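Report on one structure; see the data block that follows.
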Amino acid sequence: MRENAVAENNTVVAVNGLHKSFHGNAVLKGVDLHIAPQELTVLIGPSGCGKSTFLRCLNCLEIFDQGKISIGDINLERTSAQAPLDNQFHAKVRQLRINVGMVFQSFNLFPHLTVLQNIMKAPMVVRGVAAAQAEAAARELLNKVGLSTHVNHYPSQLSGGQQQRAAIARALAMQPKVMLYDEPTSALDPGLVDEVLQVMQKLDEEGMTQIVVTHEMRFARDVADKIVYFEGGEIVETAPPEQMFSAPKDERTRKFLKRFL
Ligand code: ADP
Ligand code: MG
C-alpha cells in the first residue's frame, strides 16, 4: 500500500452508473467507482455477483449497456443498450483496450510462442514497435517478474505460477494505465500463489494502478488501498482494508467476510 496513493479529484478510472444485462438478466445495476492513480483496489464478493462482468466491461470485452467509463483520457458513454454503436465509439474502444492490461485466471498465453515472443507480440502488432525494441522491453519485463532464465521456454514448459507471471509481463508490455486481474491465483496450486501476489505487490510499489478480483484476503488486507464489496451487481461497501476487515458497515459485507475471518 502506498501512503500517497489516495488523492482527491484525481482519478485514472472513473465509472458512473454502469449497467449491463444479459438477455434481460441485469448483472450490473448501476456501479460507481473512482480510482486514483497508483491505487490498488481489491474487489470481493460472492460467486455470480458480477465481478468478472464488471472487469470485462471496464476493458470493453463486453460492451456495457448504460453509464460512463473514463480511463485516462478515453471517455465512453452510453444512454441505453439500444444506443447505436458507431465507428467513433468503436475507435474509442480500441484506444481504451490499449490502456487497460488484463490478466485472467487461466493465463491465456499463446501456446505456440516462447515466453519472449508472447511478450513481444502485441507491442509489435498493435503499437508498431520495432522487433529489437520490443525484445529489449520484453527482457526487462521478464526480469521484473523473475523469468529472465525462462525467456525461450514455451508456456507448456512452465509452472502455473510462471505462466501467470509471464501473462502479467505480457499485459505490462503494452504500457497500460491500469491493470485488471480476474482471480489471477485461483487456478494455481497453493504453493504458487505467493509468487504471483508478490509481482502485483511489486508493481504496486512501483506505482501501477491495479484492480484485482481475488479471494486472497491476506493480500487484500496487506496490500490494497481500498476494498470494494460487490453483491448482486452493486457495490455494497467500499473501505480501506483495516476498516473493511475489522468493522464492515453493511450486514451483507459482515456475512460474506465471516467465512474468511
Ligand atoms: P462473478 O465473476 O462475480 O462470479 P460474473 O460476472 O461471472 O460473476 O457473472 C454474473 C452473472 O452474469 C452470472 O449470473 C452469470 O451467469 C451472468 N453472465 C456473465 N457473463 C454472461 C454472458 N456472457 N452471457 C450470459 N450471462 C452471463
Ligand atoms: Mg468471476
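Ligands are numbered from 1 in the order shown, residues from 1 within each chain, and chains are lettered A, B, ... in the order they appear in the C-alpha cells.
Non-sequential neighbours of Glu242 in chain A (distance at most 12 Å, separation of 5 or more positions within a chain, only C-alpha atoms) are Met1, Met217, Arg218, Ala220, Arg221, Asp222, Val223, Ala224, Asp225, Lys226, Ile227, Ala247 and Pro248 of chain A.
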For N, CA, C and O atoms, I'd like the residues from the last selection saved as a PDB file, in the first residue's frame.
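File produced: out11.pdb:
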```pdb
ATOM      1  N   MET A   1       0.846  -1.184   0.000  1.00  0.00           N
ATOM      2  CA  MET A   1       0.000   0.000   0.000  1.00  0.00           C
ATOM      3  C   MET A   1       0.887   1.241   0.000  1.00  0.00           C
ATOM      4  O   MET A   1       1.832   1.322   0.756  1.00  0.00           O
ATOM      5  N   MET A 217      -7.557 -12.944   0.971  1.00  0.00           N
ATOM      6  CA  MET A 217      -7.869 -11.863   1.907  1.00  0.00           C
ATOM      7  C   MET A 217      -6.632 -11.318   2.607  1.00  0.00           C
ATOM      8  O   MET A 217      -6.590 -10.147   2.972  1.00  0.00           O
ATOM      9  N   ARG A 218      -5.635 -12.152   2.777  1.00  0.00           N
ATOM     10  CA  ARG A 218      -4.412 -11.659   3.416  1.00  0.00           C
ATOM     11  C   ARG A 218      -3.742 -10.619   2.510  1.00  0.00           C
ATOM     12  O   ARG A 218      -3.318  -9.557   2.953  1.00  0.00           O
ATOM     13  N   ALA A 220      -5.312  -8.873   0.265  1.00  0.00           N
ATOM     14  CA  ALA A 220      -6.205  -7.707   0.263  1.00  0.00           C
ATOM     15  C   ALA A 220      -5.919  -6.826   1.476  1.00  0.00           C
ATOM     16  O   ALA A 220      -5.802  -5.604   1.370  1.00  0.00           O
ATOM     17  N   ARG A 221      -5.769  -7.457   2.622  1.00  0.00           N
ATOM     18  CA  ARG A 221      -5.555  -6.695   3.860  1.00  0.00           C
ATOM     19  C   ARG A 221      -4.202  -5.982   3.846  1.00  0.00           C
ATOM     20  O   ARG A 221      -4.069  -4.841   4.250  1.00  0.00           O
ATOM     21  N   ASP A 222      -3.180  -6.695   3.343  1.00  0.00           N
ATOM     22  CA  ASP A 222      -1.820  -6.155   3.435  1.00  0.00           C
ATOM     23  C   ASP A 222      -1.474  -5.158   2.339  1.00  0.00           C
ATOM     24  O   ASP A 222      -0.651  -4.273   2.550  1.00  0.00           O
ATOM     25  N   VAL A 223      -2.057  -5.311   1.165  1.00  0.00           N
ATOM     26  CA  VAL A 223      -1.556  -4.556   0.013  1.00  0.00           C
ATOM     27  C   VAL A 223      -2.577  -3.550  -0.533  1.00  0.00           C
ATOM     28  O   VAL A 223      -2.194  -2.529  -1.087  1.00  0.00           O
ATOM     29  N   ALA A 224      -3.869  -3.821  -0.364  1.00  0.00           N
ATOM     30  CA  ALA A 224      -4.870  -2.960  -1.012  1.00  0.00           C
ATOM     31  C   ALA A 224      -4.953  -1.578  -0.363  1.00  0.00           C
ATOM     32  O   ALA A 224      -4.736  -1.429   0.843  1.00  0.00           O
ATOM     33  N   ASP A 225      -5.258  -0.580  -1.172  1.00  0.00           N
ATOM     34  CA  ASP A 225      -5.594   0.739  -0.652  1.00  0.00           C
ATOM     35  C   ASP A 225      -7.057   0.771  -0.258  1.00  0.00           C
ATOM     36  O   ASP A 225      -7.440   1.392   0.707  1.00  0.00           O
ATOM     37  N   LYS A 226      -7.889   0.106  -1.104  1.00  0.00           N
ATOM     38  CA  LYS A 226      -9.292   0.020  -0.721  1.00  0.00           C
ATOM     39  C   LYS A 226      -9.887  -1.293  -1.199  1.00  0.00           C
ATOM     40  O   LYS A 226      -9.443  -1.874  -2.187  1.00  0.00           O
ATOM     41  N   ILE A 227     -10.890  -1.722  -0.435  1.00  0.00           N
ATOM     42  CA  ILE A 227     -11.601  -2.958  -0.746  1.00  0.00           C
ATOM     43  C   ILE A 227     -13.019  -2.565  -1.138  1.00  0.00           C
ATOM     44  O   ILE A 227     -13.645  -1.736  -0.479  1.00  0.00           O
ATOM     45  N   ALA A 247     -14.373  -3.618  10.849  1.00  0.00           N
ATOM     46  CA  ALA A 247     -15.674  -3.020  11.167  1.00  0.00           C
ATOM     47  C   ALA A 247     -16.469  -2.722   9.908  1.00  0.00           C
ATOM     48  O   ALA A 247     -16.772  -1.569   9.603  1.00  0.00           O
ATOM     49  N   PRO A 248     -16.827  -3.770   9.145  1.00  0.00           N
ATOM     50  CA  PRO A 248     -17.639  -3.516   7.955  1.00  0.00           C
ATOM     51  C   PRO A 248     -18.992  -2.933   8.367  1.00  0.00           C
ATOM     52  O   PRO A 248     -19.544  -3.323   9.397  1.00  0.00           O
TER      53      PRO A 248
END
```
> If you count only C-alpha atoms and all ligand atoms, which residues end up within 7 Å of ligand 1, as JSON, numbers by chain?
Replying inline: {"A": [22, 23, 27, 45, 46, 47, 48, 49, 50, 51, 52, 53, 54]}
Store the residues picked out above, limited to N, CA and C atoms, as a PDB file, in the first residue's frame.
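In the end it all went to selection_26.pdb:
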```pdb
ATOM      1  N   PHE A  22     -27.617  -9.393 -19.473  1.00  0.00           N
ATOM      2  CA  PHE A  22     -27.513 -10.453 -20.476  1.00  0.00           C
ATOM      3  C   PHE A  22     -28.899 -11.041 -20.668  1.00  0.00           C
ATOM      4  N   HIS A  23     -29.450 -10.919 -21.838  1.00  0.00           N
ATOM      5  CA  HIS A  23     -30.762 -11.497 -22.154  1.00  0.00           C
ATOM      6  C   HIS A  23     -31.797 -11.128 -21.086  1.00  0.00           C
ATOM      7  N   VAL A  27     -27.116  -7.769 -14.630  1.00  0.00           N
ATOM      8  CA  VAL A  27     -25.940  -8.266 -13.901  1.00  0.00           C
ATOM      9  C   VAL A  27     -25.207  -7.117 -13.202  1.00  0.00           C
ATOM     10  N   GLY A  45     -16.494 -10.465  -3.369  1.00  0.00           N
ATOM     11  CA  GLY A  45     -17.939 -10.685  -3.404  1.00  0.00           C
ATOM     12  C   GLY A  45     -18.234 -12.117  -3.794  1.00  0.00           C
ATOM     13  N   PRO A  46     -19.466 -12.561  -3.509  1.00  0.00           N
ATOM     14  CA  PRO A  46     -19.816 -13.950  -3.791  1.00  0.00           C
ATOM     15  C   PRO A  46     -19.790 -14.272  -5.279  1.00  0.00           C
ATOM     16  N   SER A  47     -19.669 -15.540  -5.585  1.00  0.00           N
ATOM     17  CA  SER A  47     -19.690 -16.003  -6.965  1.00  0.00           C
ATOM     18  C   SER A  47     -20.991 -15.577  -7.642  1.00  0.00           C
ATOM     19  N   GLY A  48     -20.866 -15.087  -8.863  1.00  0.00           N
ATOM     20  CA  GLY A  48     -22.049 -14.723  -9.630  1.00  0.00           C
ATOM     21  C   GLY A  48     -22.553 -13.311  -9.391  1.00  0.00           C
ATOM     22  N   CYS A  49     -21.826 -12.528  -8.581  1.00  0.00           N
ATOM     23  CA  CYS A  49     -22.327 -11.185  -8.247  1.00  0.00           C
ATOM     24  C   CYS A  49     -21.981 -10.149  -9.310  1.00  0.00           C
ATOM     25  N   GLY A  50     -21.171 -10.531 -10.308  1.00  0.00           N
ATOM     26  CA  GLY A  50     -20.889  -9.602 -11.405  1.00  0.00           C
ATOM     27  C   GLY A  50     -19.467  -9.056 -11.437  1.00  0.00           C
ATOM     28  N   LYS A  51     -18.559  -9.621 -10.661  1.00  0.00           N
ATOM     29  CA  LYS A  51     -17.185  -9.106 -10.611  1.00  0.00           C
ATOM     30  C   LYS A  51     -16.490  -9.234 -11.970  1.00  0.00           C
ATOM     31  N   SER A  52     -16.589 -10.429 -12.560  1.00  0.00           N
ATOM     32  CA  SER A  52     -15.932 -10.627 -13.866  1.00  0.00           C
ATOM     33  C   SER A  52     -16.585  -9.752 -14.930  1.00  0.00           C
ATOM     34  N   THR A  53     -17.893  -9.670 -14.886  1.00  0.00           N
ATOM     35  CA  THR A  53     -18.601  -8.829 -15.860  1.00  0.00           C
ATOM     36  C   THR A  53     -18.149  -7.384 -15.728  1.00  0.00           C
ATOM     37  N   PHE A  54     -17.970  -6.942 -14.504  1.00  0.00           N
ATOM     38  CA  PHE A  54     -17.509  -5.566 -14.289  1.00  0.00           C
ATOM     39  C   PHE A  54     -16.126  -5.350 -14.919  1.00  0.00           C
TER      40      PHE A  54
END
```
>> Neighbouring residues of range 99-101 of chain A were defined as those with any atom within 7 Å, considering only C-alpha atoms; residues of the same chain fewer than 2 positions away were excluded. Please report them as a list in words.
In response: Asn59, Gln95, Leu96, Arg97, Val103, Ala171, Leu172, Pro176, Lys177, Val178, Met179 and Leu180 of chain A
>> Which residues are close to Val31 in chain A, i.e. within 12 Å by only C-alpha atoms, leaving aside same-chain residues fewer than 3 positions away? Reply as a PyMOL selection string.
In response: chain A and resi 14-20+26-28+34+50-51+53-55+57-58+64-69+228-238
Please produce a file of those selected residues containing N, CA and C atoms, as a compact mmCIF listing (two decimals), in the first residue's frame.
```txt
# COMPACT_ATOMS: atom_id res chain seq x y z
N ALA A 14 -12.72 6.17 -13.85
CA ALA A 14 -13.97 6.67 -13.29
C ALA A 14 -15.12 5.94 -13.96
N VAL A 15 -15.93 5.29 -13.13
CA VAL A 15 -17.09 4.56 -13.64
C VAL A 15 -18.32 5.17 -13.00
N ASN A 16 -19.30 5.49 -13.82
CA ASN A 16 -20.52 6.09 -13.29
C ASN A 16 -21.76 5.40 -13.85
N GLY A 17 -22.62 4.96 -12.95
CA GLY A 17 -23.92 4.41 -13.34
C GLY A 17 -23.84 3.28 -14.35
N LEU A 18 -22.90 2.37 -14.13
CA LEU A 18 -22.68 1.31 -15.12
C LEU A 18 -23.74 0.21 -15.01
N HIS A 19 -24.40 -0.06 -16.13
CA HIS A 19 -25.40 -1.13 -16.20
C HIS A 19 -25.03 -2.12 -17.28
N LYS A 20 -25.28 -3.40 -17.00
CA LYS A 20 -25.10 -4.43 -18.03
C LYS A 20 -26.07 -5.57 -17.76
N ALA A 26 -30.34 -8.56 -15.43
CA ALA A 26 -29.47 -7.43 -15.03
C ALA A 26 -28.34 -7.93 -14.16
N VAL A 27 -27.12 -7.77 -14.63
CA VAL A 27 -25.94 -8.27 -13.90
C VAL A 27 -25.21 -7.12 -13.20
N LEU A 28 -25.11 -5.97 -13.85
CA LEU A 28 -24.57 -4.77 -13.19
C LEU A 28 -25.70 -3.75 -13.12
N HIS A 34 -14.49 5.11 -8.47
CA HIS A 34 -13.45 6.06 -8.87
C HIS A 34 -12.12 5.61 -8.29
N GLY A 50 -21.17 -10.53 -10.31
CA GLY A 50 -20.89 -9.60 -11.41
C GLY A 50 -19.47 -9.06 -11.44
N LYS A 51 -18.56 -9.62 -10.66
CA LYS A 51 -17.19 -9.11 -10.61
C LYS A 51 -16.49 -9.23 -11.97
N THR A 53 -17.89 -9.67 -14.89
CA THR A 53 -18.60 -8.83 -15.86
C THR A 53 -18.15 -7.38 -15.73
N PHE A 54 -17.97 -6.94 -14.50
CA PHE A 54 -17.51 -5.57 -14.29
C PHE A 54 -16.13 -5.35 -14.92
N LEU A 55 -15.19 -6.26 -14.66
CA LEU A 55 -13.85 -6.10 -15.25
C LEU A 55 -13.92 -6.18 -16.77
N CYS A 57 -16.38 -5.34 -18.66
CA CYS A 57 -16.92 -4.08 -19.18
C CYS A 57 -15.87 -2.98 -19.13
N LEU A 58 -15.03 -3.01 -18.09
CA LEU A 58 -14.01 -1.95 -17.95
C LEU A 58 -13.04 -1.95 -19.12
N PHE A 64 -20.78 -2.36 -22.25
CA PHE A 64 -21.80 -2.04 -21.24
C PHE A 64 -23.03 -1.44 -21.92
N ASP A 65 -24.17 -1.51 -21.20
CA ASP A 65 -25.44 -1.02 -21.77
C ASP A 65 -25.62 0.46 -21.53
N GLN A 66 -25.23 0.89 -20.34
CA GLN A 66 -25.57 2.25 -19.93
C GLN A 66 -24.57 2.72 -18.90
N GLY A 67 -24.24 4.02 -18.93
CA GLY A 67 -23.34 4.60 -17.96
C GLY A 67 -22.14 5.23 -18.63
N LYS A 68 -21.12 5.49 -17.83
CA LYS A 68 -19.91 6.16 -18.32
C LYS A 68 -18.69 5.44 -17.80
N ILE A 69 -17.70 5.28 -18.66
CA ILE A 69 -16.40 4.76 -18.24
C ILE A 69 -15.34 5.73 -18.76
N VAL A 228 -13.48 -3.20 -2.21
CA VAL A 228 -14.84 -2.94 -2.68
C VAL A 228 -15.62 -4.25 -2.54
N TYR A 229 -16.70 -4.18 -1.79
CA TYR A 229 -17.55 -5.38 -1.65
C TYR A 229 -18.73 -5.28 -2.60
N PHE A 230 -18.80 -6.26 -3.49
CA PHE A 230 -19.81 -6.36 -4.54
C PHE A 230 -20.84 -7.41 -4.14
N GLU A 231 -22.09 -7.15 -4.36
CA GLU A 231 -23.10 -8.21 -4.23
C GLU A 231 -24.28 -7.85 -5.12
N GLY A 232 -24.80 -8.84 -5.81
CA GLY A 232 -26.00 -8.62 -6.63
C GLY A 232 -25.86 -7.52 -7.67
N GLY A 233 -24.64 -7.39 -8.23
CA GLY A 233 -24.45 -6.42 -9.31
C GLY A 233 -24.31 -4.98 -8.84
N GLU A 234 -24.12 -4.82 -7.54
CA GLU A 234 -23.95 -3.46 -6.98
C GLU A 234 -22.78 -3.44 -6.02
N ILE A 235 -22.22 -2.24 -5.85
CA ILE A 235 -21.22 -2.06 -4.80
C ILE A 235 -21.96 -1.82 -3.50
N VAL A 236 -21.75 -2.72 -2.55
CA VAL A 236 -22.42 -2.61 -1.26
C VAL A 236 -21.64 -1.68 -0.35
N GLU A 237 -20.30 -1.79 -0.40
CA GLU A 237 -19.49 -1.05 0.56
C GLU A 237 -18.06 -0.93 0.03
N THR A 238 -17.47 0.22 0.26
CA THR A 238 -16.07 0.47 -0.09
C THR A 238 -15.36 1.00 1.14
```
> Closest to ligand 2 among A:Val213, A:Thr185, A:Ala36, A:Asn25, using only C-alpha atoms and all ligand atoms?
Replying inline: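 Nearest candidate to ligand 2 out of A:Val213, A:Thr185, A:Ala36, A:Asn25: A:Val213.
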> In Å to one decimal, how far is CA of Asn118 in chain A from CA of Ala134 in chain A?
Replying inline: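 These atoms are spaced 10.8 Å apart.
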> Where in range 91-200 of chain A does DSSP assign helix (DSSP H, G or I), given as number ranges by chain?
Replying inline: A: 91-99, 115-126, 131-144, 155-157, 160-172, 190-200
>> Please identify the strand (DSSP E) residues within range 189-236 of chain A (assignment by DSSP from backbone atoms) and present them as a ChimeraX atom specification.
In response: /A:209-213,226-231,234-236
With C-alpha atoms retained, could you export that selection as a compact mmCIF listing (two decimals), in the first residue's frame?
```txt
# COMPACT_ATOMS: atom_id res chain seq x y z
CA THR A 209 -2.80 1.32 -10.80
CA GLN A 210 -4.39 -2.11 -10.31
CA ILE A 211 -7.85 -3.58 -9.81
CA VAL A 212 -7.84 -7.13 -8.53
CA VAL A 213 -10.70 -9.58 -8.10
CA LYS A 226 -9.29 0.02 -0.72
CA ILE A 227 -11.60 -2.96 -0.75
CA VAL A 228 -14.84 -2.94 -2.68
CA TYR A 229 -17.55 -5.38 -1.65
CA PHE A 230 -19.81 -6.36 -4.54
CA GLU A 231 -23.10 -8.21 -4.23
CA GLU A 234 -23.95 -3.46 -6.98
CA ILE A 235 -21.22 -2.06 -4.80
CA VAL A 236 -22.42 -2.61 -1.26
```
>> Can you pull out the residues contacting Val196 in chain A? Cut-off 8 Å, using only C-alpha atoms, and skip same-chain residues under 6 positions away; I want them as a PyMOL selection string.
In response: chain A and resi 161+164-165+184-185
> CA of Asn108 in chain A and CA of Arg170 in chain A, how far apart in Å?
Replying inline: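 Distance reported for this atom pair: 10.3 Å.
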>> When you count only C-alpha atoms, which of these residues is closest to Leu85 in chain A: A:Met102, A:Ile63, A:Val199, A:Met208?
In response: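 The answer is A:Ile63, which sits nearest to Leu85 in chain A.
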> How many Å lie between CA of Gly160 in chain A and CA of Glu135 in chain A, rounded to one decimal?
Replying inline: 23.2 Å
> Can you list, as a ChimeraX atom specification, every protein, DNA or RNA residue that comes within 8 Å of range 119-124 of chain A when you count only C-alpha atoms, leaving out same-chain residues fewer than 4 positions away?
Replying inline: /A:115,128-131,134-135,138,166,169-171,173-174
Pull N, CA and C atoms from the residues just selected and write them as a PDB file, in the first residue's frame.
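Full text of again_39.pdb as output:
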```pdb
ATOM      1  N   VAL A 115       7.992 -17.633 -24.333  1.00  0.00           N
ATOM      2  CA  VAL A 115       7.637 -16.562 -23.396  1.00  0.00           C
ATOM      3  C   VAL A 115       8.052 -15.212 -23.972  1.00  0.00           C
ATOM      4  N   GLY A 128       3.139  -1.123 -33.238  1.00  0.00           N
ATOM      5  CA  GLY A 128       4.121  -0.931 -34.301  1.00  0.00           C
ATOM      6  C   GLY A 128       5.547  -0.745 -33.811  1.00  0.00           C
ATOM      7  N   VAL A 129       5.837  -1.317 -32.632  1.00  0.00           N
ATOM      8  CA  VAL A 129       7.188  -1.206 -32.078  1.00  0.00           C
ATOM      9  C   VAL A 129       8.130  -2.117 -32.873  1.00  0.00           C
ATOM     10  N   ALA A 130       9.352  -1.663 -33.119  1.00  0.00           N
ATOM     11  CA  ALA A 130      10.341  -2.475 -33.854  1.00  0.00           C
ATOM     12  C   ALA A 130      10.766  -3.671 -33.009  1.00  0.00           C
ATOM     13  N   ALA A 131      11.129  -4.774 -33.693  1.00  0.00           N
ATOM     14  CA  ALA A 131      11.426  -6.033 -33.003  1.00  0.00           C
ATOM     15  C   ALA A 131      12.512  -5.884 -31.940  1.00  0.00           C
ATOM     16  N   ALA A 134      11.120  -4.076 -28.987  1.00  0.00           N
ATOM     17  CA  ALA A 134      10.140  -4.914 -28.289  1.00  0.00           C
ATOM     18  C   ALA A 134      10.856  -6.001 -27.485  1.00  0.00           C
ATOM     19  N   GLU A 135      11.932  -6.537 -28.061  1.00  0.00           N
ATOM     20  CA  GLU A 135      12.657  -7.601 -27.360  1.00  0.00           C
ATOM     21  C   GLU A 135      13.358  -7.049 -26.115  1.00  0.00           C
ATOM     22  N   ALA A 138      10.758  -6.510 -23.532  1.00  0.00           N
ATOM     23  CA  ALA A 138      10.237  -7.793 -23.036  1.00  0.00           C
ATOM     24  C   ALA A 138      11.224  -8.429 -22.055  1.00  0.00           C
ATOM     25  N   ALA A 166       4.296 -14.600 -16.549  1.00  0.00           N
ATOM     26  CA  ALA A 166       4.528 -14.243 -17.959  1.00  0.00           C
ATOM     27  C   ALA A 166       3.315 -13.478 -18.511  1.00  0.00           C
ATOM     28  N   ALA A 169       3.563  -9.977 -17.392  1.00  0.00           N
ATOM     29  CA  ALA A 169       4.569  -9.265 -18.193  1.00  0.00           C
ATOM     30  C   ALA A 169       4.005  -8.927 -19.573  1.00  0.00           C
ATOM     31  N   ARG A 170       3.242  -9.857 -20.130  1.00  0.00           N
ATOM     32  CA  ARG A 170       2.671  -9.597 -21.462  1.00  0.00           C
ATOM     33  C   ARG A 170       1.709  -8.409 -21.422  1.00  0.00           C
ATOM     34  N   ALA A 171       0.889  -8.345 -20.385  1.00  0.00           N
ATOM     35  CA  ALA A 171      -0.034  -7.203 -20.273  1.00  0.00           C
ATOM     36  C   ALA A 171       0.741  -5.901 -20.064  1.00  0.00           C
ATOM     37  N   ALA A 173       3.575  -5.119 -21.159  1.00  0.00           N
ATOM     38  CA  ALA A 173       4.331  -4.727 -22.354  1.00  0.00           C
ATOM     39  C   ALA A 173       3.610  -3.656 -23.166  1.00  0.00           C
ATOM     40  N   MET A 174       2.289  -3.572 -22.996  1.00  0.00           N
ATOM     41  CA  MET A 174       1.524  -2.547 -23.720  1.00  0.00           C
ATOM     42  C   MET A 174       1.503  -1.219 -22.965  1.00  0.00           C
TER      43      MET A 174
END
```
> Taking into account only C-alpha atoms and all ligand atoms, which residue in the set A:Leu116, A:Ile98, A:Glu183, A:Phe89 is nearest to ligand 2?
Replying inline: A:Glu183
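Nearest residue to Arg259 in chain A, choosing from A:Leu76, A:Phe245, A:Val193, A:Gln163 and counting only C-alpha atoms: A:Phe245.
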